[in-house]
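One structure is given here, and the rest of the page talks about it.
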Amino acid sequence: MKIEDGILYVKYAFNLEITLEIAEICVAERLKLCNGKSYPMLADVRNIKNTHSDARDYIAEGDGTKGITAGAFIVKNPFNKFIATIFINLSLIKTPNLPAKLFTDEEEAKLWLQQYKK
């Protein structure tokens with residue numbers, strides 16, 4: 001994770017399976033990095049192998065979306081698109097004002113996120 005030019009970048013490790021425990025650690029680290037500020041987030045989810053349902057629920061509400069003004073997700077295949085779509089749908093239900101969109105091109109995602117920088 002890093003913050004660069006007003007955008008929070010998140011990239012997941014190769015073949016990662018996200019459990020609730022890993023989701024809680026990732027969110028805690030993100031909140032620590034953001035230090036109370038809000039950012040649009042560019043998440044590269046191309047290396048996620050699986051996300052447990054309790055982890056998806058945790059990420060999509062409460063602290064999981066705290067401090068995120070928008071989410072752009074970089075995907076590479078149908079499974080990644082499925083995972084990102086679930087997050088987007090859950091987020092929009094639980095946090096309806098959180099814009100989210102899928103991309104295959106990082107530069108397009110960065111351009112889209114510009115409008116959500118504070």
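Within each chain, counting starts at residue 1; across the structure tokens, chains are named A, B, ... in the order shown, with ligands numbered 1 upward in that order.
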TODO: Apply DSSP to the structure's backbone, then extract all residues of range 39-114 of chain A labelled helix (DSSP H, G or I) and return them as number ranges by chain.
DONE: A: 53-59, 62-64, 78-94, 106-114
Those residues you just picked out, can you put them in a file as an mmCIF file, in the first residue's frame with C-alpha atoms?
data_model
loop_
_atom_site.group_PDB
_atom_site.id
_atom_site.type_symbol
_atom_site.label_atom_id
_atom_site.label_comp_id
_atom_site.auth_asym_id
_atom_site.auth_seq_id
_atom_site.Cartn_x
_atom_site.Cartn_y
_atom_site.Cartn_z
ATOM 1 C CA SER A 53 -17.547 -14.325 2.235
ATOM 2 C CA ASP A 54 -17.008 -12.981 5.775
ATOM 3 C CA ALA A 55 -13.947 -11.076 4.511
ATOM 4 C CA ARG A 56 -15.966 -9.597 1.616
ATOM 5 C CA ASP A 57 -18.656 -8.468 4.050
ATOM 6 C CA TYR A 58 -16.069 -6.908 6.372
ATOM 7 C CA ILE A 59 -14.311 -5.054 3.548
ATOM 8 C CA GLY A 62 -17.729 0.049 8.361
ATOM 9 C CA ASP A 63 -13.967 0.366 8.668
ATOM 10 C CA GLY A 64 -13.624 -1.529 5.386
ATOM 11 C CA PRO A 78 -13.477 -13.291 -15.183
ATOM 12 C CA PHE A 79 -12.725 -14.463 -11.617
ATOM 13 C CA ASN A 80 -11.155 -11.121 -10.687
ATOM 14 C CA LYS A 81 -14.112 -9.372 -12.271
ATOM 15 C CA PHE A 82 -16.466 -11.559 -10.208
ATOM 16 C CA ILE A 83 -14.659 -10.732 -6.940
ATOM 17 C CA ALA A 84 -14.536 -7.023 -7.694
ATOM 18 C CA THR A 85 -18.187 -6.990 -8.774
ATOM 19 C CA ILE A 86 -19.202 -8.590 -5.474
ATOM 20 C CA PHE A 87 -17.271 -5.928 -3.561
ATOM 21 C CA ILE A 88 -18.799 -3.156 -5.627
ATOM 22 C CA ASN A 89 -22.324 -4.514 -5.215
ATOM 23 C CA LEU A 90 -21.920 -5.025 -1.460
ATOM 24 C CA SER A 91 -20.342 -1.594 -1.079
ATOM 25 C CA LEU A 92 -23.112 0.121 -2.999
ATOM 26 C CA ILE A 93 -25.731 -1.594 -0.840
ATOM 27 C CA LYS A 94 -23.961 -0.820 2.443
ATOM 28 C CA GLU A 106 -4.353 1.334 -14.672
ATOM 29 C CA GLU A 107 -4.002 4.696 -16.427
ATOM 30 C CA GLU A 108 -7.742 4.820 -17.165
ATOM 31 C CA ALA A 109 -8.434 3.980 -13.522
ATOM 32 C CA LYS A 110 -6.156 6.809 -12.330
ATOM 33 C CA LEU A 111 -7.896 9.287 -14.635
ATOM 34 C CA TRP A 112 -11.316 8.230 -13.348
ATOM 35 C CA LEU A 113 -10.173 8.568 -9.720
ATOM 36 C CA GLN A 114 -8.979 12.162 -10.209
#
Task: Residue contacts of Asn15 in chain A (10 Å, only C-alpha atoms) excluding same-chain residues fewer than 3 positions away, as a count of residues only - done: 7
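Proximity to Leu8 in chain A was assessed for A:Leu42, A:Thr104, A:Glu61, A:Tyr116 counting only C-alpha atoms; the smallest distance is recorded for A:Leu42.
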Open item on the list: For range 65-73 of chain A, find every residue with an atom within 6 Å (counting only C-alpha atoms), except residues of its own chain fewer than 2 positions away, and show them as JSON, numbers by chain.
Closed with: {"A": [38, 39, 40, 41, 42, 43, 44, 61, 62, 63, 98, 99, 100, 101, 102, 103, 109]}
Could you write those residues out with C-alpha atoms, as a PDB file, in the first residue's frame?
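Contents of result.pdb, freshly written:
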ATOM      1  CA  SER A  38      -9.758  10.119   2.853  1.00  0.00           C
ATOM      2  CA  TYR A  39      -8.492   9.045  -0.554  1.00  0.00           C
ATOM      3  CA  PRO A  40      -9.732   7.478  -3.760  1.00  0.00           C
ATOM      4  CA  MET A  41      -8.367   3.929  -3.913  1.00  0.00           C
ATOM      5  CA  LEU A  42      -6.868   2.054  -6.839  1.00  0.00           C
ATOM      6  CA  ALA A  43      -6.863  -1.649  -5.930  1.00  0.00           C
ATOM      7  CA  ASP A  44      -5.016  -4.124  -8.113  1.00  0.00           C
ATOM      8  CA  GLU A  61     -18.807  -1.917   5.305  1.00  0.00           C
ATOM      9  CA  GLY A  62     -17.729   0.049   8.361  1.00  0.00           C
ATOM     10  CA  ASP A  63     -13.967   0.366   8.668  1.00  0.00           C
ATOM     11  CA  LEU A  98     -19.144   5.072  -2.659  1.00  0.00           C
ATOM     12  CA  PRO A  99     -18.437   5.191  -6.405  1.00  0.00           C
ATOM     13  CA  ALA A 100     -16.687   2.080  -7.696  1.00  0.00           C
ATOM     14  CA  LYS A 101     -15.684   0.874 -11.133  1.00  0.00           C
ATOM     15  CA  LEU A 102     -13.744  -1.974 -12.780  1.00  0.00           C
ATOM     16  CA  PHE A 103     -10.799  -1.387 -15.120  1.00  0.00           C
ATOM     17  CA  ALA A 109      -8.434   3.980 -13.522  1.00  0.00           C
TER      18      ALA A 109
END
Task: strand (DSSP E or B) residues, from DSSP on the backbone, in range 21-68 of chain A, as a PyMOL selection string - done: chain A and resi 39-44+48-51+68
Residue subset to file, keeping N, CA and C atoms, as a PDB file, in the first residue's frame:
ATOM      1  N   TYR A  39      -9.115   9.111   0.764  1.00  0.00           N
ATOM      2  CA  TYR A  39      -8.492   9.045  -0.554  1.00  0.00           C
ATOM      3  C   TYR A  39      -9.319   8.170  -1.497  1.00  0.00           C
ATOM      4  N   PRO A  40      -9.234   8.453  -2.793  1.00  0.00           N
ATOM      5  CA  PRO A  40      -9.732   7.478  -3.760  1.00  0.00           C
ATOM      6  C   PRO A  40      -8.721   6.321  -3.777  1.00  0.00           C
ATOM      7  N   MET A  41      -9.221   5.112  -3.987  1.00  0.00           N
ATOM      8  CA  MET A  41      -8.367   3.929  -3.913  1.00  0.00           C
ATOM      9  C   MET A  41      -8.299   3.209  -5.256  1.00  0.00           C
ATOM     10  N   LEU A  42      -7.075   2.888  -5.667  1.00  0.00           N
ATOM     11  CA  LEU A  42      -6.868   2.054  -6.839  1.00  0.00           C
ATOM     12  C   LEU A  42      -6.369   0.704  -6.320  1.00  0.00           C
ATOM     13  N   ALA A  43      -7.207  -0.323  -6.449  1.00  0.00           N
ATOM     14  CA  ALA A  43      -6.863  -1.649  -5.930  1.00  0.00           C
ATOM     15  C   ALA A  43      -6.589  -2.603  -7.083  1.00  0.00           C
ATOM     16  N   ASP A  44      -5.387  -3.128  -7.116  1.00  0.00           N
ATOM     17  CA  ASP A  44      -5.016  -4.124  -8.113  1.00  0.00           C
ATOM     18  C   ASP A  44      -5.373  -5.488  -7.528  1.00  0.00           C
ATOM     19  N   ILE A  48      -5.610 -11.873  -6.597  1.00  0.00           N
ATOM     20  CA  ILE A  48      -6.444 -12.495  -5.572  1.00  0.00           C
ATOM     21  C   ILE A  48      -6.990 -13.815  -6.107  1.00  0.00           C
ATOM     22  N   LYS A  49      -6.717 -14.866  -5.364  1.00  0.00           N
ATOM     23  CA  LYS A  49      -7.160 -16.208  -5.739  1.00  0.00           C
ATOM     24  C   LYS A  49      -8.582 -16.460  -5.244  1.00  0.00           C
ATOM     25  N   ASN A  50      -8.882 -15.993  -4.034  1.00  0.00           N
ATOM     26  CA  ASN A  50     -10.183 -16.238  -3.423  1.00  0.00           C
ATOM     27  C   ASN A  50     -10.385 -15.242  -2.286  1.00  0.00           C
ATOM     28  N   THR A  51     -11.632 -14.895  -2.045  1.00  0.00           N
ATOM     29  CA  THR A  51     -11.973 -14.048  -0.902  1.00  0.00           C
ATOM     30  C   THR A  51     -13.136 -14.704  -0.169  1.00  0.00           C
ATOM     31  N   ILE A  68     -12.364   5.973   2.243  1.00  0.00           N
ATOM     32  CA  ILE A  68     -12.253   5.748   0.799  1.00  0.00           C
ATOM     33  C   ILE A  68     -13.330   6.580   0.107  1.00  0.00           C
TER      34      ILE A  68
END
Open item on the list: What's the separation between CA of Lys11 in chain A and CA of Val45 in chain A, in Å to one decimal place?
Closed with: 6.7 Å
